[in-house]
file my_file-v8.csv (CSV, C-alpha atoms and all ligand atoms)
chain,number,residue,atom,x,y,z
L,1,MET,CA,0.0,0.0,0.0
L,2,LYS,CA,1.3,3.5,-0.8
L,3,ASP,CA,2.6,5.7,2.0
L,4,ILE,CA,1.0,9.1,2.5
L,5,THR,CA,1.6,12.3,4.5
L,6,ILE,CA,-1.1,13.3,7.1
L,7,ALA,CA,-1.1,16.9,8.3
L,8,ILE,CA,-3.2,17.7,11.4
L,9,ASP,CA,-3.6,21.4,12.3
L,10,GLY,CA,-5.8,23.2,14.6
L,11,PHE,CA,-6.2,25.3,17.8
L,12,SER,CA,-4.6,24.4,21.1
L,13,SER,CA,-5.8,21.3,22.9
L,14,THR,CA,-8.2,20.2,20.2
L,15,GLY,CA,-7.0,16.6,20.5
L,16,LYS,CA,-4.5,16.8,17.6
L,17,SER,CA,-1.7,14.8,19.2
L,18,THR,CA,-4.0,12.2,20.6
L,19,ILE,CA,-5.4,11.4,17.2
L,20,ALA,CA,-2.1,11.8,15.4
L,21,LYS,CA,-0.5,9.2,17.7
L,22,LEU,CA,-3.4,6.7,17.3
L,23,LEU,CA,-3.2,7.1,13.5
L,24,ALA,CA,0.6,6.7,13.4
L,25,LYS,CA,0.3,3.5,15.5
L,26,ALA,CA,-2.5,2.1,13.3
L,27,LEU,CA,-0.6,2.8,10.1
L,28,GLY,CA,2.9,2.1,11.3
L,29,TYR,CA,3.8,5.7,10.5
L,30,VAL,CA,6.2,8.1,12.3
L,31,TYR,CA,4.4,10.6,14.5
L,32,VAL,CA,5.9,14.1,14.9
L,33,ASP,CA,4.7,16.6,17.5
L,34,SER,CA,5.8,19.9,15.9
L,35,GLY,CA,4.6,21.9,18.8
L,36,ALA,CA,7.1,20.1,21.0
L,37,MET,CA,9.9,21.6,18.8
L,38,TYR,CA,8.6,25.2,19.4
L,39,ARG,CA,8.3,24.4,23.1
L,40,ALA,CA,11.9,23.1,23.0
L,41,ILE,CA,13.2,26.4,21.6
L,42,THR,CA,11.1,28.3,24.2
L,43,PHE,CA,12.6,26.2,27.0
L,44,PHE,CA,16.1,26.9,25.5
L,45,ALA,CA,15.4,30.7,25.6
L,46,MET,CA,14.1,30.5,29.1
L,47,LYS,CA,17.2,28.6,30.3
L,48,LYS,CA,19.4,31.2,28.7
L,49,GLY,CA,17.4,34.0,30.4
L,50,LEU,CA,16.3,35.4,27.1
L,51,ILE,CA,12.5,35.3,27.7
L,52,THR,CA,10.3,35.9,30.8
L,53,THR,CA,6.7,37.1,31.0
L,54,GLU,CA,8.1,40.7,31.1
L,55,TYR,CA,11.1,40.5,28.7
L,56,PHE,CA,12.1,39.0,25.4
L,57,ASP,CA,15.5,39.4,23.8
L,58,ARG,CA,14.5,38.4,20.3
L,59,GLU,CA,17.8,39.3,18.7
L,60,ALA,CA,19.8,37.3,21.3
L,61,LEU,CA,17.6,34.3,20.7
L,62,ILE,CA,18.1,34.6,16.9
L,63,SER,CA,21.9,34.7,17.5
L,64,ALA,CA,21.8,31.7,19.8
L,65,LEU,CA,19.7,29.5,17.5
L,66,PRO,CA,22.6,27.7,15.9
L,67,ASN,CA,23.3,26.3,19.5
L,68,ALA,CA,19.8,24.9,19.9
L,69,HIS,CA,19.7,21.4,18.3
L,70,VAL,CA,16.2,20.0,18.5
L,71,SER,CA,15.7,16.3,17.6
L,72,PHE,CA,13.5,13.3,18.3
L,73,LYS,CA,14.4,9.9,19.6
L,74,PHE,CA,12.0,7.0,19.5
L,75,ASN,CA,11.0,5.6,22.9
L,76,SER,CA,10.0,2.0,22.4
L,77,ASP,CA,8.3,1.8,25.8
L,78,LEU,CA,6.0,4.7,25.0
L,79,GLY,CA,5.7,3.9,21.3
L,80,PHE,CA,6.5,7.4,20.1
L,81,ALA,CA,9.4,9.8,19.8
L,82,GLU,CA,10.4,12.2,22.5
L,83,VAL,CA,11.9,15.6,22.0
L,84,TYR,CA,15.6,16.4,22.8
L,85,LEU,CA,17.4,19.6,23.1
L,86,ASN,CA,21.1,19.2,22.6
L,87,ASP,CA,20.9,15.5,23.4
L,88,GLU,CA,19.0,16.1,26.6
L,89,ASN,CA,15.5,14.6,26.9
L,90,ILE,CA,13.3,17.6,27.8
L,91,GLU,CA,9.8,16.0,27.4
L,92,LYS,CA,9.1,16.7,31.1
L,93,ASN,CA,10.2,20.3,30.9
L,94,ILE,CA,8.2,21.6,28.0
L,95,ARG,CA,4.6,20.9,29.0
L,96,THR,CA,4.4,23.4,31.9
L,97,LEU,CA,2.1,26.4,31.9
L,98,GLU,CA,5.2,28.6,32.0
L,99,VAL,CA,6.3,27.3,28.7
L,100,SER,CA,2.8,27.3,27.3
L,101,ASN,CA,2.5,31.0,28.2
L,102,LEU,CA,5.7,32.0,26.3
L,103,VAL,CA,5.7,29.5,23.4
L,104,SER,CA,3.5,31.5,21.0
L,105,ILE,CA,5.8,34.5,21.3
L,106,VAL,CA,8.9,32.4,20.4
L,107,ALA,CA,6.9,30.6,17.6
L,108,ALA,CA,6.2,34.0,15.9
L,109,VAL,CA,9.9,34.6,15.2
L,110,PRO,CA,10.5,33.8,11.5
L,111,GLU,CA,14.1,32.6,12.1
L,112,VAL,CA,12.8,30.0,14.7
L,113,ARG,CA,10.2,28.8,12.3
L,114,ALA,CA,12.7,28.5,9.4
L,115,GLN,CA,15.0,26.4,11.5
L,116,LEU,CA,12.3,24.0,12.7
L,117,VAL,CA,10.4,23.8,9.4
L,118,LYS,CA,13.6,22.6,7.7
L,119,ILE,CA,13.9,19.7,10.2
L,120,GLN,CA,10.2,18.9,9.8
L,121,LYS,CA,10.4,18.7,6.0
L,122,ALA,CA,13.5,16.4,6.3
L,123,ILE,CA,11.6,14.0,8.7
L,124,GLY,CA,8.7,13.8,6.2
L,125,LYS,CA,10.8,13.4,3.1
L,126,HIS,CA,9.8,9.8,2.6
L,127,LYS,CA,6.2,10.2,3.6
L,128,ALA,CA,4.6,7.7,6.1
L,129,VAL,CA,4.4,10.5,8.6
L,130,VAL,CA,1.6,12.0,10.7
L,131,MET,CA,2.6,15.5,11.9
L,132,ASP,CA,0.5,17.8,14.0
L,133,GLY,CA,0.8,21.6,14.6
L,134,ARG,CA,-0.4,24.9,13.2
L,135,ASP,CA,1.1,25.2,9.7
L,136,ILE,CA,1.6,21.6,8.7
L,137,GLY,CA,-1.0,21.6,5.9
L,138,THR,CA,-0.2,25.1,4.8
L,139,VAL,CA,3.6,25.5,5.0
L,140,VAL,CA,5.4,22.3,6.0
L,141,PHE,CA,3.6,19.8,3.8
L,142,PRO,CA,1.4,21.8,1.4
L,143,ASP,CA,1.1,18.6,-0.8
L,144,ALA,CA,0.0,16.3,2.0
L,145,GLU,CA,-2.5,13.7,0.8
L,146,LEU,CA,-4.7,14.2,3.8
L,147,LYS,CA,-5.1,17.4,5.8
L,148,ILE,CA,-7.3,17.6,8.9
L,149,PHE,CA,-8.2,20.9,10.7
L,150,MET,CA,-9.4,20.2,14.2
L,151,THR,CA,-11.6,22.5,16.2
L,152,ALA,CA,-13.5,22.4,19.5
L,153,SER,CA,-15.0,25.1,21.7
L,154,ALA,CA,-12.4,26.9,23.9
L,155,GLU,CA,-14.3,25.8,27.1
L,156,THR,CA,-14.2,22.1,26.0
L,157,ARG,CA,-10.5,22.4,25.2
L,158,ALA,CA,-9.6,24.1,28.5
L,159,LEU,CA,-11.6,21.6,30.5
L,160,ARG,CA,-9.8,18.7,28.8
L,161,ARG,CA,-6.4,20.2,29.3
L,162,TYR,CA,-7.3,21.0,33.0
L,163,ASN,CA,-8.3,17.4,33.6
L,164,GLU,CA,-5.1,16.2,32.0
L,165,ILE,CA,-2.8,18.5,34.0
L,166,LYS,CA,-4.7,17.8,37.3
L,167,ASN,CA,-4.2,14.1,36.7
L,168,ASN,CA,-0.5,14.8,36.4
L,169,GLY,CA,-0.5,16.5,39.9
L,170,GLU,CA,0.2,20.1,38.7
L,171,ASP,CA,-1.6,22.7,40.8
L,172,ILE,CA,-3.5,25.0,38.4
L,173,THR,CA,-6.9,26.6,37.9
L,174,LEU,CA,-9.3,26.1,35.0
L,175,GLU,CA,-9.4,29.9,34.5
L,176,ALA,CA,-5.6,30.1,34.0
L,177,ILE,CA,-5.8,27.3,31.4
L,178,LEU,CA,-8.7,28.9,29.5
L,179,GLU,CA,-6.8,32.2,29.5
L,180,ASN,CA,-3.7,30.5,28.1
L,181,VAL,CA,-5.7,28.6,25.4
L,182,GLN,CA,-7.5,31.8,24.2
L,183,LYS,CA,-4.4,33.9,24.2
L,184,ARG,CA,-2.5,31.3,22.2
L,185,ASP,CA,-5.3,30.9,19.7
L,186,HIS,CA,-5.2,34.7,19.2
L,187,LEU,CA,-1.4,34.9,18.9
L,188,ASP,CA,-1.1,31.9,16.7
L,189,SER,CA,-3.9,33.0,14.3
L,190,THR,CA,-2.7,36.6,14.0
L,191,ARG,CA,1.1,36.3,13.6
L,192,LYS,CA,2.6,37.4,10.3
L,193,ASP,CA,4.7,34.3,9.5
L,194,SER,CA,2.7,31.1,9.0
L,195,PRO,CA,-0.4,31.9,11.0
L,196,LEU,CA,-2.7,29.2,12.0
L,197,LEU,CA,-5.0,28.8,9.0
L,198,LYS,CA,-7.2,26.1,7.6
L,199,ALA,CA,-5.6,25.0,4.3
L,200,GLU,CA,-8.1,25.2,1.5
L,201,ASP,CA,-8.0,21.5,1.0
L,202,ALA,CA,-8.2,20.6,4.7
L,203,ILE,CA,-11.2,18.7,6.1
L,204,GLU,CA,-12.5,20.5,9.2
L,205,VAL,CA,-13.4,18.2,12.2
L,206,ASP,CA,-15.2,19.6,15.2
L,207,ASN,CA,-14.7,17.2,18.1
L,208,SER,CA,-16.4,19.1,20.9
L,209,ASN,CA,-19.0,16.4,21.3
L,210,VAL,CA,-17.2,13.2,20.3
L,211,THR,CA,-15.1,10.7,22.2
L,212,ILE,CA,-11.5,10.0,21.2
L,213,GLU,CA,-12.5,6.6,19.9
L,214,GLU,CA,-15.4,8.0,17.7
L,215,GLN,CA,-13.1,10.6,16.3
L,216,PHE,CA,-10.4,8.2,15.6
L,217,GLN,CA,-12.8,5.9,13.7
L,218,ASN,CA,-14.1,8.9,11.7
L,219,ILE,CA,-10.6,10.0,10.7
L,220,LEU,CA,-9.5,6.4,9.9
L,221,LYS,CA,-12.3,6.3,7.4
L,222,LEU,CA,-10.9,9.5,5.8
L,223,VAL,CA,-7.4,7.9,5.7
L,224,ASN,CA,-8.8,4.7,4.1
L,225,SER,CA,-10.6,6.7,1.4
L,226,VAL,CA,-7.4,8.4,0.5
L,227,LEU,CA,-5.4,5.2,0.5
L,228,ASN,CA,-8.0,3.4,-1.6
L,229,ALA,CA,-8.4,6.3,-4.1
L,301,LIG,O1,-0.6,20.9,22.5
L,301,LIG,P1,-1.0,22.3,22.2
L,301,LIG,O2,-2.0,22.4,21.1
L,301,LIG,O3,-1.4,23.1,23.4
L,301,LIG,O4,0.2,23.1,21.7
L,301,LIG,P2,1.4,22.6,20.9
L,301,LIG,O5,1.0,21.8,19.7
L,301,LIG,O6,2.4,22.0,21.8
L,301,LIG,O7,2.1,23.9,20.3
L,301,LIG,C1,2.6,24.9,21.2
L,301,LIG,C2,2.7,26.2,20.4
L,301,LIG,O8,3.7,26.1,19.4
L,301,LIG,C3,1.5,26.7,19.7
L,301,LIG,O9,0.6,27.4,20.5
L,301,LIG,C4,2.1,27.6,18.6
L,301,LIG,O10,2.5,28.9,19.1
L,301,LIG,C5,3.4,26.9,18.3
L,301,LIG,N1,3.4,26.0,17.1
L,301,LIG,C6,3.5,26.6,15.9
L,301,LIG,O11,3.6,27.8,15.8
L,301,LIG,N2,3.6,25.9,14.8
L,301,LIG,C7,3.5,24.5,14.8
L,301,LIG,N3,3.5,23.8,13.7
L,301,LIG,C8,3.3,23.9,16.1
L,301,LIG,C9,3.2,24.7,17.2
L,302,LIG,O1,-2.5,18.0,20.6
L,302,LIG,P1,-3.6,19.0,21.2
L,302,LIG,O2,-3.1,20.1,22.0
L,302,LIG,O3,-4.5,19.5,20.1
L,302,LIG,O4,-4.6,18.1,22.1
L,302,LIG,P2,-4.3,16.7,22.9
L,302,LIG,O5,-3.2,16.9,23.8
L,302,LIG,O6,-4.3,15.6,21.9
L,302,LIG,O7,-5.7,16.6,23.7
L,302,LIG,C1,-5.9,17.5,24.8
L,302,LIG,C2,-6.8,16.7,25.8
L,302,LIG,O8,-8.1,16.5,25.3
L,302,LIG,C3,-6.2,15.3,26.1
L,302,LIG,O9,-6.2,15.1,27.5
L,302,LIG,C4,-7.1,14.3,25.4
L,302,LIG,O10,-7.2,13.1,26.0
L,302,LIG,C5,-8.4,15.1,25.4
L,302,LIG,N1,-9.4,14.8,24.4
L,302,LIG,C6,-10.7,14.4,24.7
L,302,LIG,O11,-11.0,14.3,25.9
L,302,LIG,N2,-11.6,14.1,23.7
L,302,LIG,C7,-11.3,14.2,22.4
L,302,LIG,N3,-12.2,13.9,21.4
L,302,LIG,C8,-10.0,14.6,22.0
L,302,LIG,C9,-9.1,14.9,23.1

call {"tool": "encode", "arguments": {"input": "my_file-v8.csv", "output": "structure tokens"}}
result
Amino acid sequence: MKDITIAIDGFSSTGKSTIAKLLAKALGYVYVDSGAMYRAITFFAMKKGLITTEYFDREALISALPNAHVSFKFNSDLGFAEVYLNDENIEKNIRTLEVSNLVSIVAAVPEVRAQLVKIQKAIGKHKAVVMDGRDIGTVVFPDAELKIFMTASAETRALRRYNEIKNNGEDITLEAILENVQKRDHLDSTRKDSPLLKAEDAIEVDNSNVTIEEQFQNILKLVNSVLNA
């Protein structure tokens, strides 16, 4: 059977990575969480003291970018790849609200995007990849055979993220998460370089009222129709 490229874009916490991981597993494809790469550069900038909630030394970050090597290594216990910054596994460092509150500022810098898009295109060169993010169907893989654009109401998304974070033991309020989700939606959709946009040929999927399993089965049908076309 032919290999295809699947691009999944959409607003924060719409369930992109959940579905992308399930699809990659079912198809034997590589899953790439492009958001983890922007989070990795944000973590790098934070460690270097280049960004806080009050301050961002954009030029210093651009100068330091050649020293920020972002890569993935497959974790066979988890069944998917984890993100590394200069050979250090930083999966546990990048999902905090602190990183979430700064990542959209870093992701708006064209030099950051250029560096990461280059890596993303290289990973997807031989197809058989499911990548999720904001600009996958528009910029990274404009020729992807299947493009999904995921949406869900902001309240549904914030509640899902809240439950996820609470289960991980992080102390946080639903209001703080809703604020972060809405702020990132706005920043990601209005930035100049590669804003979050539904590609013309993307299929929009609203999952506010469906379970993960129902959604997975619906999207698998779309995949099969592309594979059998
Ligand atoms: O998981 P969640 O949807 O909350 O976010 P993410 O996928 O981890 O992405 C974090 C942030 O990285 C987004 O809010 C965007 O600012 C940025 N991003 C981007 O600009 N382009 C991508 N292809 C992926 C993420
Ligand atoms: O990758 P993205 O930020 O778009 O979202 P995610 O991390 O895949 O999903 C955010 C949360 O929503 C996770 O805890 C999922 O388990 C949950 N979710 C859900 O409850 N129902 C869905 N239909 C999709 C996701």

call {"tool": "residues_near_ligand", "arguments": {"input": "my_file-v8.csv", "ligand": "ligand LIG 301 (chain L)", "cutoff": "8 Å", "atoms": "only C-alpha atoms and all ligand atoms", "output": "mmCIF file with C-alpha atoms, keeping the file's coordinate frame"}}
result
data_model
loop_
_atom_site.group_PDB
_atom_site.id
_atom_site.type_symbol
_atom_site.label_atom_id
_atom_site.label_comp_id
_atom_site.auth_asym_id
_atom_site.auth_seq_id
_atom_site.Cartn_x
_atom_site.Cartn_y
_atom_site.Cartn_z
ATOM 1 C CA ASP L 9 -3.600 21.400 12.300
ATOM 2 C CA GLY L 10 -5.800 23.200 14.600
ATOM 3 C CA PHE L 11 -6.200 25.300 17.800
ATOM 4 C CA SER L 12 -4.600 24.400 21.100
ATOM 5 C CA SER L 13 -5.800 21.300 22.900
ATOM 6 C CA THR L 14 -8.200 20.200 20.200
ATOM 7 C CA GLY L 15 -7.000 16.600 20.500
ATOM 8 C CA LYS L 16 -4.500 16.800 17.600
ATOM 9 C CA SER L 17 -1.700 14.800 19.200
ATOM 10 C CA ASP L 33 4.700 16.600 17.500
ATOM 11 C CA SER L 34 5.800 19.900 15.900
ATOM 12 C CA GLY L 35 4.600 21.900 18.800
ATOM 13 C CA ALA L 36 7.100 20.100 21.000
ATOM 14 C CA MET L 37 9.900 21.600 18.800
ATOM 15 C CA TYR L 38 8.600 25.200 19.400
ATOM 16 C CA ARG L 39 8.300 24.400 23.100
ATOM 17 C CA ARG L 95 4.600 20.900 29.000
ATOM 18 C CA SER L 100 2.800 27.300 27.300
ATOM 19 C CA VAL L 103 5.700 29.500 23.400
ATOM 20 C CA SER L 104 3.500 31.500 21.000
ATOM 21 C CA ILE L 105 5.800 34.500 21.300
ATOM 22 C CA VAL L 106 8.900 32.400 20.400
ATOM 23 C CA ALA L 107 6.900 30.600 17.600
ATOM 24 C CA ALA L 108 6.200 34.000 15.900
ATOM 25 C CA ARG L 113 10.200 28.800 12.300
ATOM 26 C CA ASP L 132 0.500 17.800 14.000
ATOM 27 C CA GLY L 133 0.800 21.600 14.600
ATOM 28 C CA ARG L 134 -0.400 24.900 13.200
ATOM 29 C CA ASP L 135 1.100 25.200 9.700
ATOM 30 C CA ILE L 136 1.600 21.600 8.700
ATOM 31 C CA VAL L 181 -5.700 28.600 25.400
ATOM 32 C CA ARG L 184 -2.500 31.300 22.200
ATOM 33 C CA ASP L 185 -5.300 30.900 19.700
ATOM 34 C CA LEU L 187 -1.400 34.900 18.900
ATOM 35 C CA ASP L 188 -1.100 31.900 16.700
ATOM 36 C CA SER L 194 2.700 31.100 9.000
ATOM 37 C CA PRO L 195 -0.400 31.900 11.000
ATOM 38 C CA LEU L 196 -2.700 29.200 12.000
#

call {"tool": "atom_distance", "arguments": {"input": "my_file-v8.csv", "atom1": "CA of Ile203 in chain L", "atom2": "CA of Leu222 in chain L"}}
result
9.2 Å

call {"tool": "atom_distance", "arguments": {"input": "my_file-v8.csv", "atom1": "CA of Gly28 in chain L", "atom2": "CA of Ala128 in chain L"}}
result
7.8 Å

call {"tool": "axis_aligned_box", "arguments": {"input": "my_file-v8.csv", "around": "range 124-143 of chain L", "padding_each_side": "6 Å", "output": "lines of an AutoDock Vina configuration file"}}
result
center_x = 4.9
center_y = 16.6
center_z = 6.9
size_x = 23.8
size_y = 29.8
size_z = 27.4

call {"tool": "closest_residue", "arguments": {"input": "my_file-v8.csv", "among": "L:Asn163, L:Lys92, L:Ser71, L:Phe80", "to": "Leu23 in chain L", "atoms": "only C-alpha atoms"}}
result
L:Phe80

call {"tool": "atom_distance", "arguments": {"input": "my_file-v8.csv", "atom1": "CA of Thr5 in chain L", "atom2": "atom O7 of ligand LIG 302 (chain L)"}}
result
21.0 Å

call {"tool": "closest_residue", "arguments": {"input": "my_file-v8.csv", "among": "L:Ala229, L:Ile177, L:Lys25, L:Leu61", "to": "Arg160 in chain L", "atoms": "only C-alpha atoms"}}
result
L:Ile177

call {"tool": "closest_residue", "arguments": {"input": "my_file-v8.csv", "among": "L:Val205, L:Ala24, L:Leu65, L:Ile123", "to": "Lys48 in chain L", "atoms": "all atoms listed in the file"}}
result
L:Leu65

call {"tool": "closest_residue", "arguments": {"input": "my_file-v8.csv", "among": "L:Ala122, L:Met1, L:Val70, L:Ile19", "to": "ligand LIG 302 (chain L)", "atoms": "only C-alpha atoms and all ligand atoms"}}
result
L:Ile19

call {"tool": "residues_around", "arguments": {"input": "my_file-v8.csv", "residues": "Lys125 in chain L", "least_positions_apart": "6", "cutoff": "12 Å", "atoms": "all atoms listed in the file", "output": "count of residues only"}}
result
10

call {"tool": "closest_residue", "arguments": {"input": "my_file-v8.csv", "among": "L:Asp193, L:Thr42, L:Ala202, L:Val129", "to": "Pro142 in chain L", "atoms": "only C-alpha atoms"}}
result
L:Ala202

call {"tool": "closest_residue", "arguments": {"input": "my_file-v8.csv", "among": "L:Thr53, L:Ser76, L:Asn67, L:Thr156", "to": "Ser208 in chain L", "atoms": "all atoms listed in the file"}}
result
L:Thr156
